[in-house]
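Engineer: Contents of start_34.cif (mmCIF, C-alpha atoms):
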data_target
loop_
_atom_site.label_atom_id
_atom_site.label_comp_id
_atom_site.auth_asym_id
_atom_site.auth_seq_id
_atom_site.Cartn_x
_atom_site.Cartn_y
_atom_site.Cartn_z
CA MET A 180 5.33 10.28 -27.48
CA GLU A 181 5.40 7.68 -24.70
CA ASN A 182 3.53 8.55 -21.50
CA ASN A 183 6.56 8.13 -19.25
CA GLU A 184 8.61 10.77 -21.02
CA LEU A 185 8.94 14.38 -19.90
CA LEU A 186 8.39 17.28 -22.27
CA PHE A 187 11.38 19.24 -20.96
CA ASN A 188 14.49 18.11 -19.14
CA MET A 189 17.92 19.28 -18.00
CA ILE A 190 20.83 16.89 -17.44
CA LYS A 191 24.22 17.44 -15.84
CA ALA A 192 26.18 14.80 -17.71
CA ASN A 193 28.93 12.80 -16.10
CA ALA A 194 32.20 12.03 -17.86
CA GLY A 195 31.60 9.46 -20.56
CA TYR A 196 27.79 9.87 -20.57
CA LEU A 197 27.82 10.50 -24.33
CA ALA A 198 30.77 8.23 -25.09
CA LYS A 199 28.58 5.61 -26.79
CA PRO A 200 26.00 6.20 -29.55
CA ILE A 201 22.67 7.26 -28.06
CA GLN A 202 19.32 8.51 -29.38
CA PHE A 203 17.02 10.91 -27.55
CA SER A 204 13.41 11.52 -28.52
CA PHE A 205 13.97 15.19 -27.65
CA TYR A 206 15.54 18.11 -29.40
CA THR A 207 18.84 18.32 -27.54
CA VAL A 208 21.22 21.21 -26.90
CA ILE A 209 24.57 20.25 -25.38
CA PHE A 210 26.29 23.09 -23.52
CA ILE A 211 30.02 22.40 -23.09
CA ALA A 212 31.67 25.02 -20.92
CA GLU A 213 35.18 23.68 -21.38
CA GLY A 214 37.09 20.77 -22.84
CA LYS A 215 37.77 19.29 -26.27
CA GLY A 216 36.44 16.38 -28.26
CA ILE A 217 34.93 15.10 -31.49
CA TYR A 218 31.16 15.28 -32.01
CA HIS A 219 29.38 12.60 -34.08
CA ALA A 220 25.80 13.24 -35.22
CA ASP A 221 24.70 10.78 -37.91
CA PHE A 222 27.02 11.64 -40.82
CA SER A 223 28.51 14.72 -39.15
CA THR A 224 31.90 14.33 -37.49
CA PHE A 225 33.98 17.29 -36.39
CA PRO A 226 36.25 18.47 -33.58
CA PHE A 227 35.11 21.06 -31.06
CA SER A 228 36.57 23.09 -28.24
CA GLY A 229 34.54 24.63 -25.43
CA PRO A 230 32.77 26.83 -24.81
CA VAL A 231 30.41 25.54 -27.49
CA LEU A 232 26.78 24.55 -28.09
CA LEU A 233 26.06 21.29 -29.94
CA PHE A 234 22.64 20.39 -31.34
CA ALA A 235 20.77 17.17 -32.11
CA THR A 236 17.31 16.45 -33.52
CA PRO A 237 14.96 13.79 -32.08
CA LEU A 238 16.26 10.25 -32.52
CA GLN A 239 19.45 11.43 -34.19
CA GLN A 240 22.29 9.11 -33.22
CA ILE A 241 24.99 11.09 -31.42
CA TYR A 242 28.10 10.52 -29.36
CA ILE A 243 31.22 12.39 -28.25
CA GLU A 244 34.84 11.27 -28.29
CA GLU A 245 36.25 13.10 -25.30
CA GLN A 246 39.79 14.47 -25.44
CA GLY A 247 40.08 15.16 -21.75
CA PRO A 248 37.40 15.94 -19.13
CA LEU A 249 34.29 17.75 -20.37
CA GLU A 250 31.86 19.92 -18.43
CA ILE A 251 28.46 19.16 -20.02
CA THR A 252 24.90 20.30 -19.41
CA MET A 253 22.08 19.18 -21.72
CA ILE A 254 18.80 20.95 -22.36
CA GLN A 255 16.16 18.71 -23.92
CA PHE A 256 12.66 19.54 -25.09
CA HIS A 257 9.91 17.66 -26.89
CA GLY A 258 8.13 19.18 -29.88
CA ASP A 259 4.91 19.23 -27.82
CA PHE A 260 6.63 21.57 -25.34
CA TYR A 261 8.17 23.91 -27.91
CA CYS A 262 7.56 23.48 -31.63
CA ILE A 263 10.48 24.99 -33.55
CA GLU A 264 8.47 25.08 -36.78
CA TYR A 265 5.42 26.76 -35.24
CA HIS A 266 7.66 29.42 -33.66
CA ARG A 267 9.96 29.88 -36.65
CA ALA A 268 8.90 33.52 -37.05
CA GLU A 269 10.31 34.28 -33.59
CA VAL A 270 13.22 31.82 -33.66
CA SER A 271 14.72 30.77 -36.99
CA CYS A 272 16.47 27.69 -35.60
CA ASN A 273 14.77 25.03 -37.76
CA GLY A 274 17.10 24.45 -40.70
CA LEU A 275 19.85 26.39 -38.92
CA LEU A 276 20.58 24.78 -35.56
CA PHE A 277 18.52 21.67 -36.35
CA ASN A 278 17.69 19.75 -39.55
CA ASN A 279 20.48 20.92 -41.83
CA CYS A 280 22.81 18.38 -43.44
CA TYR A 281 25.20 20.97 -44.89
CA ILE A 282 26.45 22.86 -41.83
CA GLU A 283 27.90 21.73 -38.52
CA PRO A 284 25.29 21.51 -35.73
CA ALA A 285 27.38 23.70 -33.44
CA VAL A 286 27.74 27.27 -32.20
CA ASN A 287 31.11 28.41 -30.88
CA LEU A 288 30.84 30.89 -28.01
CA SER A 289 33.02 33.91 -27.42
CA GLY A 290 33.81 35.04 -23.88
CA LYS A 291 30.84 37.44 -23.81
CA ASP A 292 28.47 34.88 -25.35
CA PHE A 293 29.65 32.22 -22.92
CA ILE A 294 28.77 34.42 -19.94
CA LEU A 295 25.34 35.15 -21.44
CA PHE A 296 24.51 31.46 -21.96
CA ARG A 297 25.97 30.45 -18.60
CA ASN A 298 23.73 33.00 -16.87
CA LEU A 299 20.71 31.89 -18.93
CA LEU A 300 21.45 28.30 -17.95
CA THR A 301 21.58 29.24 -14.26
CA ASP A 302 18.23 31.04 -14.49
CA LEU A 303 16.69 28.17 -16.41
CA GLU A 304 17.97 25.60 -13.92
CA GLN A 305 16.62 27.58 -10.98
CA GLU A 306 13.17 27.75 -12.58
CA PHE A 307 13.24 24.08 -13.61
CA THR A 308 14.13 22.87 -10.09
CA SER A 309 11.76 25.26 -8.29
CA PRO A 310 8.85 23.65 -6.40
CA GLN A 311 6.59 26.13 -8.23
CA THR A 312 7.99 25.51 -11.71
CA ASN A 313 6.30 27.70 -14.31
CA GLU A 314 6.24 26.11 -17.78
CA THR A 315 5.60 29.46 -19.46
CA VAL A 316 8.75 30.90 -17.91
CA ILE A 317 10.80 27.85 -18.91
CA ARG A 318 9.44 28.08 -22.45
CA SER A 319 10.39 31.77 -22.58
CA TYR A 320 13.95 31.02 -21.40
CA LEU A 321 14.21 28.26 -24.00
CA GLN A 322 13.01 30.55 -26.77
CA LEU A 323 15.54 33.20 -25.76
CA TRP A 324 18.30 30.55 -25.69
CA LEU A 325 17.46 29.35 -29.21
CA ALA A 326 17.04 32.88 -30.57
CA LYS A 327 20.46 33.98 -29.26
CA ALA A 328 22.11 30.80 -30.56
CA SER A 329 20.50 31.31 -33.99
CA ALA A 330 21.74 34.90 -34.17
CA ILE A 331 25.29 33.83 -33.36
CA LYS A 332 25.12 31.00 -35.91
CA ILE A 333 23.93 33.35 -38.65
CA SER A 334 26.83 35.69 -37.88
CA MET A 335 29.27 32.75 -37.96
CA LEU A 336 28.00 31.62 -41.37
CA GLU A 337 28.21 35.12 -42.81
CA ARG A 338 31.87 35.39 -41.77
CA GLN A 339 32.64 31.94 -43.19
CA GLU A 340 31.03 32.76 -46.52
CA LEU A 341 33.21 35.83 -46.89
CA GLN A 342 36.35 33.76 -46.33
CA GLU A 343 35.74 30.20 -47.47
CA ILE A 344 32.81 30.02 -49.89
CA ASP A 345 33.13 27.49 -52.70
CA HIS A 346 30.62 28.44 -55.38
CA LEU A 347 30.66 24.98 -56.96
CA MET A 348 29.80 23.34 -53.64
CA GLU A 349 27.10 25.92 -52.96
CA GLN A 350 25.68 25.04 -56.36
CA LEU A 351 25.73 21.37 -55.31
CA ARG A 352 23.76 22.30 -52.19
CA ARG A 353 21.11 23.98 -54.32
CA LEU A 354 20.99 21.07 -56.76
CA ILE A 355 20.51 18.50 -53.99
CA ASP A 356 17.72 20.58 -52.44
CA GLN A 357 16.09 20.79 -55.85
CA HIS A 358 16.50 17.18 -57.01
CA PHE A 359 17.00 14.94 -53.94
CA LEU A 360 13.62 13.29 -54.49
CA THR A 361 14.51 12.06 -57.96
CA LEU A 362 18.33 12.03 -58.25
CA HIS A 363 19.94 9.69 -55.72
CA LYS A 364 23.34 8.95 -57.30
CA PRO A 365 26.45 11.15 -56.89
CA GLY A 366 27.12 10.71 -60.60
CA ASP A 367 23.87 12.51 -61.40
CA TYR A 368 25.13 15.62 -59.63
CA ALA A 369 28.63 15.29 -61.06
CA ASP A 370 27.04 15.41 -64.52
CA LEU A 371 25.00 18.50 -63.65
CA LEU A 372 28.17 20.21 -62.36
CA HIS A 373 30.25 19.00 -65.34
CA ILE A 374 32.95 17.40 -63.17
CA SER A 375 34.02 13.81 -62.56
CA SER A 376 32.53 11.74 -59.75
CA ASN A 377 35.95 11.48 -58.10
CA SER A 378 36.41 15.25 -58.14
CA LEU A 379 32.93 15.70 -56.71
CA THR A 380 33.67 13.31 -53.85
CA LYS A 381 36.95 15.03 -52.99
CA LYS A 382 35.45 18.52 -53.08
CA THR A 383 32.36 17.53 -51.12
CA SER A 384 34.38 15.73 -48.45
CA ASN A 385 36.62 18.75 -47.99
CA TYR A 386 33.84 21.34 -47.98
CA PHE A 387 30.98 19.57 -46.17
CA ASN A 388 33.02 16.87 -44.41
CA LYS A 389 30.63 14.33 -45.97
CA THR A 390 30.49 12.31 -49.16
CA PRO A 391 27.92 13.16 -51.86
CA SER A 392 26.02 9.97 -51.01
CA GLN A 393 25.83 10.98 -47.36
CA LEU A 394 24.49 14.41 -48.24
CA ILE A 395 21.83 13.01 -50.58
CA THR A 396 20.69 10.35 -48.10
CA GLU A 397 20.63 12.71 -45.15
CA ARG A 398 18.67 15.31 -47.11
CA LEU A 399 16.09 12.65 -47.99
CA ILE A 400 15.82 11.48 -44.38
CA ILE A 401 15.41 15.05 -43.13
CA GLU A 402 12.44 15.43 -45.48
CA ALA A 403 11.01 12.11 -44.31
CA LYS A 404 11.27 13.20 -40.67
CA LYS A 405 9.65 16.51 -41.55
CA GLN A 406 6.69 14.76 -43.19
CA LEU A 407 6.29 12.35 -40.28
CA HIS A 408 6.34 15.11 -37.67
CA LEU A 409 4.69 18.07 -39.42
CA THR A 410 1.87 16.34 -41.34
CA ARG A 411 -0.86 13.79 -40.73
CA HIS A 412 -0.11 11.95 -43.96
CA SER A 413 0.00 8.19 -43.66
CA ILE A 414 3.35 6.42 -43.95
CA LYS A 415 2.17 5.04 -47.29
CA GLU A 416 1.41 8.57 -48.53
CA ILE A 417 4.79 9.86 -47.33
CA ALA A 418 6.60 6.99 -49.06
CA TYR A 419 4.80 7.88 -52.29
CA GLN A 420 5.63 11.60 -51.97
CA LEU A 421 9.31 10.73 -51.43
CA ASN A 422 9.32 8.50 -54.54
CA PHE A 423 9.90 5.19 -52.77
CA GLN A 424 8.52 2.16 -54.57
CA ASP A 425 6.36 1.28 -51.55
CA GLU A 426 5.99 1.96 -47.82
CA PHE A 427 7.90 -1.20 -46.88
CA TYR A 428 11.03 -0.17 -48.81
CA PHE A 429 10.71 3.34 -47.33
CA SER A 430 10.52 1.85 -43.84
CA ARG A 431 13.64 -0.26 -44.43
CA VAL A 432 15.67 2.70 -45.69
CA PHE A 433 14.42 4.97 -42.90
CA LYS A 434 15.19 2.41 -40.20
CA LYS A 435 18.63 1.67 -41.63
CA PHE A 436 19.55 5.34 -41.23
CA THR A 437 17.69 6.28 -38.02
CA LYS A 438 17.64 2.89 -36.22
CA VAL A 439 13.86 3.24 -35.74
CA SER A 440 10.88 2.66 -38.02
CA PRO A 441 8.83 5.58 -39.39
CA LYS A 442 5.95 4.46 -37.13
CA ALA A 443 8.19 4.48 -34.04
CA PHE A 444 9.65 7.86 -35.01
CA ARG A 445 6.17 9.37 -35.26
CA GLU A 446 5.14 7.83 -31.93
CA LYS A 447 8.23 9.22 -30.22
CA THR A 448 8.17 12.72 -31.70
CA GLY A 449 4.42 13.10 -32.00
CA ILE A 450 2.57 15.05 -34.69
CA SER A 451 3.25 18.77 -34.51
CA ILE A 452 0.62 21.44 -33.96
CA VAL A 453 1.65 22.65 -37.42
CA ALA A 454 -0.16 19.65 -38.94
CA SER A 455 -3.49 21.10 -37.76
CA LEU A 456 -2.90 24.63 -39.07
CA PRO A 457 -4.53 25.86 -42.30
CA VAL A 458 -2.43 25.35 -45.43
CA GLY A 459 -0.08 28.29 -45.93
CA LYS A 460 0.16 29.07 -42.20
CA PRO A 461 3.01 26.88 -40.89
CA GLY A 462 3.90 29.22 -38.05
CA ARG A 463 3.22 32.48 -36.37
#
Here is the file; what I need is its structure written in the form of C-alpha cells.

Structural biologist:
Amino acid sequence: MENNELLFNMIKANAGYLAKPIQFSFYTVIFIAEGKGIYHADFSTFPFSGPVLLFATPLQQIYIEEQGPLEITMIQFHGDFYCIEYHRAEVSCNGLLFNNCYIEPAVNLSGKDFILFRNLLTDLEQEFTSPQTNETVIRSYLQLWLAKASAIKISMLERQELQEIDHLMEQLRRLIDQHFLTLHKPGDYADLLHISSNSLTKKTSNYFNKTPSQLITERLIIEAKKQLHLTRHSIKEIAYQLNFQDEFYFSRVFKKFTKVSPKAFREKTGISIVASLPVGKPGR
C-alpha cells in the first residue's frame, strides 16, 4: 500500500459523495440509515432501501444513484489492519459479504438490527476519534460488526433459498466455479446445462441480475485478485495459473475490468499475512 494511506478510516459522506464511480483501496462497508437508491458495484446493480449495509472490495468500482437524500457513514479498512481471510474462522465474511459474484453485496437491516449497528457505529466512532485511540479495540469492534453482518446475511440467504431457489441456476453457479479457468464462453455452459444460449442469458439475468459473460469474467477476476493478495506468486505465475496466454494479456484483461494493473492492485492492497502461513493453514 502507499505510505500516505491509513489502515482504518471512517467517513461521514455528504450528499452526492458516491454519485460518480470511485475506487477505494480499502474494504468498504457503507452504512445507510435511511433513504433509497441504486447501488452499482462492478457488474452488480440493484435497488436498496435503508437501513442497509453495502459492501465493496478493494479497488472495486462503485457508485450510488440517489433517489432522495441519503444518510451515509463508511467504514474502511486495509487488509493489513484486518485480514478477512486470516480471520475467516471467526468471521466468515470472505465470499459472503465480499468477493462473491453471485449474491448482492448488501445486508438489509431490521429495526432491531439497525439499532444494534447504529450503537456499534457510535462506539466505534468514539474510539476512532479518541485522543488515545486503541487499535486493538477498533479491530475488535470491526470484527464484531463483520460477524453480525455475516450472520444476518446467512439468515437472509437461507430464507431466499426456501422461497426462490432455481436449481438450474444453482447448477450454473457450481459449473462456473468448477470450470471458469477453462470455459470462458456462455455457450459452453449452455451446452453443459442442455439449454440454448438465449435461454441461459434470460434465466441468468433474472436470477443473478447479470449476464453469463459477466458472471464468468467476474469469477475469473475474483480469483486473480485472490492470487495477487493472498500469495507471493509473480504476476507471470498467476497469469499461467489462470490460463492466460501470457502476463501481458492477463494484465490487459485485468486492467480493463478493474481500471488498474495487477502490479498496481498488489501495491495498493499489499500481500496478505496469509501468504506467509504454512500451506494448509490459511487462517486461524

Engineer: For CA of Tyr320 (chain A) and CA of Gly229 (chain A), quote the distance in Å rounded to one decimal.

Structural biologist: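 That distance, rounded to one decimal, is 21.9 Å.
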
Engineer: From the set A:Pro237, A:Pro441, A:Pro391, A:Gly366, which residue has the shortest atom-to-atom contact distance to Met348 (chain A), counting all atoms listed in the file?

Structural biologist: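 Closest to Met348 (chain A), using all atoms listed in the file: A:Pro391.
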
Engineer: Which value, in Å to one decimal, gives the distance between CA of Pro230 (chain A) and CA of Leu300 (chain A)?

Structural biologist: 13.3 Å

Engineer: Which one is closest to Trp324 (chain A): A:Leu371, A:Val270, A:Met253, A:Cys262? Count only C-alpha atoms.

Structural biologist: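 Of A:Leu371, A:Val270, A:Met253, A:Cys262, the one nearest Trp324 (chain A), counting only C-alpha atoms, is A:Val270.
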
Engineer: Excluding region 444-449 of chain A and any residue of its chain fewer than 2 positions from it, enumerate the residues within 12 Å of it, using all atoms listed in the file, and give them as an MDAnalysis selection string.

Structural biologist: chainID A and resid 180:186 202:206 236:239 256:262 400 403:414 430 433:434 436:442 451:454

Engineer: Can you tell me which residues surround Asn193 (chain A) at a distance of at most 9 Å, considering all atoms listed in the file, apart from same-chain residues fewer than 6 positions away, and format the answer as a PyMOL selection string?

Structural biologist: chain A and resi 249-251

Engineer: If the PyMOL selection byres ((chain A and resi 214) around 12) were run on this exact file, what residues would it hold? Put them as a ChimeraX atom specification.

Structural biologist: /A:194,210-213,215-217,226-231,243-251

Engineer: Print the selection's residues with C-alpha atoms to a file, as a PDB file, keeping the file's coordinate frame.

Structural biologist:
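Listed below is the output, part_10.pdb:
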ATOM      1  CA  ALA A 194      32.200  12.030 -17.860  1.00  0.00           C
ATOM      2  CA  PHE A 210      26.290  23.090 -23.520  1.00  0.00           C
ATOM      3  CA  ILE A 211      30.020  22.400 -23.090  1.00  0.00           C
ATOM      4  CA  ALA A 212      31.670  25.020 -20.920  1.00  0.00           C
ATOM      5  CA  GLU A 213      35.180  23.680 -21.380  1.00  0.00           C
ATOM      6  CA  LYS A 215      37.770  19.290 -26.270  1.00  0.00           C
ATOM      7  CA  GLY A 216      36.440  16.380 -28.260  1.00  0.00           C
ATOM      8  CA  ILE A 217      34.930  15.100 -31.490  1.00  0.00           C
ATOM      9  CA  PRO A 226      36.250  18.470 -33.580  1.00  0.00           C
ATOM     10  CA  PHE A 227      35.110  21.060 -31.060  1.00  0.00           C
ATOM     11  CA  SER A 228      36.570  23.090 -28.240  1.00  0.00           C
ATOM     12  CA  GLY A 229      34.540  24.630 -25.430  1.00  0.00           C
ATOM     13  CA  PRO A 230      32.770  26.830 -24.810  1.00  0.00           C
ATOM     14  CA  VAL A 231      30.410  25.540 -27.490  1.00  0.00           C
ATOM     15  CA  ILE A 243      31.220  12.390 -28.250  1.00  0.00           C
ATOM     16  CA  GLU A 244      34.840  11.270 -28.290  1.00  0.00           C
ATOM     17  CA  GLU A 245      36.250  13.100 -25.300  1.00  0.00           C
ATOM     18  CA  GLN A 246      39.790  14.470 -25.440  1.00  0.00           C
ATOM     19  CA  GLY A 247      40.080  15.160 -21.750  1.00  0.00           C
ATOM     20  CA  PRO A 248      37.400  15.940 -19.130  1.00  0.00           C
ATOM     21  CA  LEU A 249      34.290  17.750 -20.370  1.00  0.00           C
ATOM     22  CA  GLU A 250      31.860  19.920 -18.430  1.00  0.00           C
ATOM     23  CA  ILE A 251      28.460  19.160 -20.020  1.00  0.00           C
TER      24      ILE A 251
END

Engineer: Mind telling me what the PyMOL selection byres ((chain A and resi 284-291) around 12) catches here, as a compact mmCIF listing (two decimals) with C-alpha atoms, in the coordinates of the input?

Structural biologist:
# COMPACT_ATOMS: atom_id res chain seq x y z
CA THR A 207 18.84 18.32 -27.54
CA VAL A 208 21.22 21.21 -26.90
CA ILE A 209 24.57 20.25 -25.38
CA PHE A 210 26.29 23.09 -23.52
CA ILE A 211 30.02 22.40 -23.09
CA ALA A 212 31.67 25.02 -20.92
CA GLU A 213 35.18 23.68 -21.38
CA ILE A 217 34.93 15.10 -31.49
CA TYR A 218 31.16 15.28 -32.01
CA HIS A 219 29.38 12.60 -34.08
CA ALA A 220 25.80 13.24 -35.22
CA ASP A 221 24.70 10.78 -37.91
CA PHE A 222 27.02 11.64 -40.82
CA SER A 223 28.51 14.72 -39.15
CA THR A 224 31.90 14.33 -37.49
CA PHE A 225 33.98 17.29 -36.39
CA PRO A 226 36.25 18.47 -33.58
CA PHE A 227 35.11 21.06 -31.06
CA SER A 228 36.57 23.09 -28.24
CA GLY A 229 34.54 24.63 -25.43
CA PRO A 230 32.77 26.83 -24.81
CA VAL A 231 30.41 25.54 -27.49
CA LEU A 232 26.78 24.55 -28.09
CA LEU A 233 26.06 21.29 -29.94
CA PHE A 234 22.64 20.39 -31.34
CA ALA A 235 20.77 17.17 -32.11
CA THR A 236 17.31 16.45 -33.52
CA GLN A 239 19.45 11.43 -34.19
CA ILE A 241 24.99 11.09 -31.42
CA CYS A 272 16.47 27.69 -35.60
CA ASN A 273 14.77 25.03 -37.76
CA GLY A 274 17.10 24.45 -40.70
CA LEU A 275 19.85 26.39 -38.92
CA LEU A 276 20.58 24.78 -35.56
CA PHE A 277 18.52 21.67 -36.35
CA ASN A 278 17.69 19.75 -39.55
CA ASN A 279 20.48 20.92 -41.83
CA CYS A 280 22.81 18.38 -43.44
CA TYR A 281 25.20 20.97 -44.89
CA ILE A 282 26.45 22.86 -41.83
CA GLU A 283 27.90 21.73 -38.52
CA ASP A 292 28.47 34.88 -25.35
CA PHE A 293 29.65 32.22 -22.92
CA ILE A 294 28.77 34.42 -19.94
CA LEU A 295 25.34 35.15 -21.44
CA PHE A 296 24.51 31.46 -21.96
CA ARG A 297 25.97 30.45 -18.60
CA ASN A 298 23.73 33.00 -16.87
CA TRP A 324 18.30 30.55 -25.69
CA LEU A 325 17.46 29.35 -29.21
CA LYS A 327 20.46 33.98 -29.26
CA ALA A 328 22.11 30.80 -30.56
CA SER A 329 20.50 31.31 -33.99
CA ALA A 330 21.74 34.90 -34.17
CA ILE A 331 25.29 33.83 -33.36
CA LYS A 332 25.12 31.00 -35.91
CA ILE A 333 23.93 33.35 -38.65
CA SER A 334 26.83 35.69 -37.88
CA MET A 335 29.27 32.75 -37.96
CA LEU A 336 28.00 31.62 -41.37

Engineer: Residues within 6 Å of Leu197 (chain A), please, as JSON, numbers by chain. Count only C-alpha atoms; anything in the same chain fewer than 2 positions from it doesn't count.

Structural biologist: {"A": [195, 199, 242, 243]}

Engineer: Mind writing the picked residues with C-alpha atoms as a PDB file, in the coordinates of the input?

Structural biologist:
ATOM      1  CA  GLY A 195      31.600   9.460 -20.560  1.00  0.00           C
ATOM      2  CA  LYS A 199      28.580   5.610 -26.790  1.00  0.00           C
ATOM      3  CA  TYR A 242      28.100  10.520 -29.360  1.00  0.00           C
ATOM      4  CA  ILE A 243      31.220  12.390 -28.250  1.00  0.00           C
TER       5      ILE A 243
END

Engineer: Show which residues sit within 12 Å of Phe423 (chain A), as a PDB file with C-alpha atoms, keeping the file's coordinate frame. Count all atoms listed in the file, and ignore same-chain residues fewer than 3 positions away.

Structural biologist:
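Saved as out-v9.pdb:
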ATOM      1  CA  LEU A 360      13.620  13.290 -54.490  1.00  0.00           C
ATOM      2  CA  THR A 361      14.510  12.060 -57.960  1.00  0.00           C
ATOM      3  CA  HIS A 363      19.940   9.690 -55.720  1.00  0.00           C
ATOM      4  CA  LEU A 399      16.090  12.650 -47.990  1.00  0.00           C
ATOM      5  CA  ALA A 403      11.010  12.110 -44.310  1.00  0.00           C
ATOM      6  CA  ILE A 414       3.350   6.420 -43.950  1.00  0.00           C
ATOM      7  CA  LYS A 415       2.170   5.040 -47.290  1.00  0.00           C
ATOM      8  CA  GLU A 416       1.410   8.570 -48.530  1.00  0.00           C
ATOM      9  CA  ILE A 417       4.790   9.860 -47.330  1.00  0.00           C
ATOM     10  CA  ALA A 418       6.600   6.990 -49.060  1.00  0.00           C
ATOM     11  CA  TYR A 419       4.800   7.880 -52.290  1.00  0.00           C
ATOM     12  CA  GLN A 420       5.630  11.600 -51.970  1.00  0.00           C
ATOM     13  CA  GLU A 426       5.990   1.960 -47.820  1.00  0.00           C
ATOM     14  CA  PHE A 427       7.900  -1.200 -46.880  1.00  0.00           C
ATOM     15  CA  TYR A 428      11.030  -0.170 -48.810  1.00  0.00           C
ATOM     16  CA  PHE A 429      10.710   3.340 -47.330  1.00  0.00           C
ATOM     17  CA  SER A 430      10.520   1.850 -43.840  1.00  0.00           C
ATOM     18  CA  ARG A 431      13.640  -0.260 -44.430  1.00  0.00           C
ATOM     19  CA  VAL A 432      15.670   2.700 -45.690  1.00  0.00           C
ATOM     20  CA  PHE A 433      14.420   4.970 -42.900  1.00  0.00           C
TER      21      PHE A 433
END

Engineer: Pick from A:Tyr196, A:Phe359, A:Tyr368, A:Phe387: nearest to Asp345 (chain A), with all atoms listed in the file counted?

Structural biologist: A:Phe387

Engineer: How many Å separate CA of Leu299 (chain A) from CA of Glu264 (chain A)?

Structural biologist: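 Interatomic distance, CA of Leu299 (chain A) to CA of Glu264 (chain A): 22.7 Å.
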
Engineer: Around all the atoms of region 209-217 of chain A listed in the file, draw an axis-aligned box and extend it by 3 Å on each of the six sides; I want its centre and edge lengths in Å to one decimal, as JSON.

Structural biologist:
{"center_x": 31.2, "center_y": 20.1, "center_z": -26.2, "size_x": 19.2, "size_y": 15.9, "size_z": 16.6}

Engineer: Between A:Ile254, A:Ile374, A:Ile355, A:Ile263, which is the closest to Ser392 (chain A) once you count only C-alpha atoms?

Structural biologist: A:Ile355
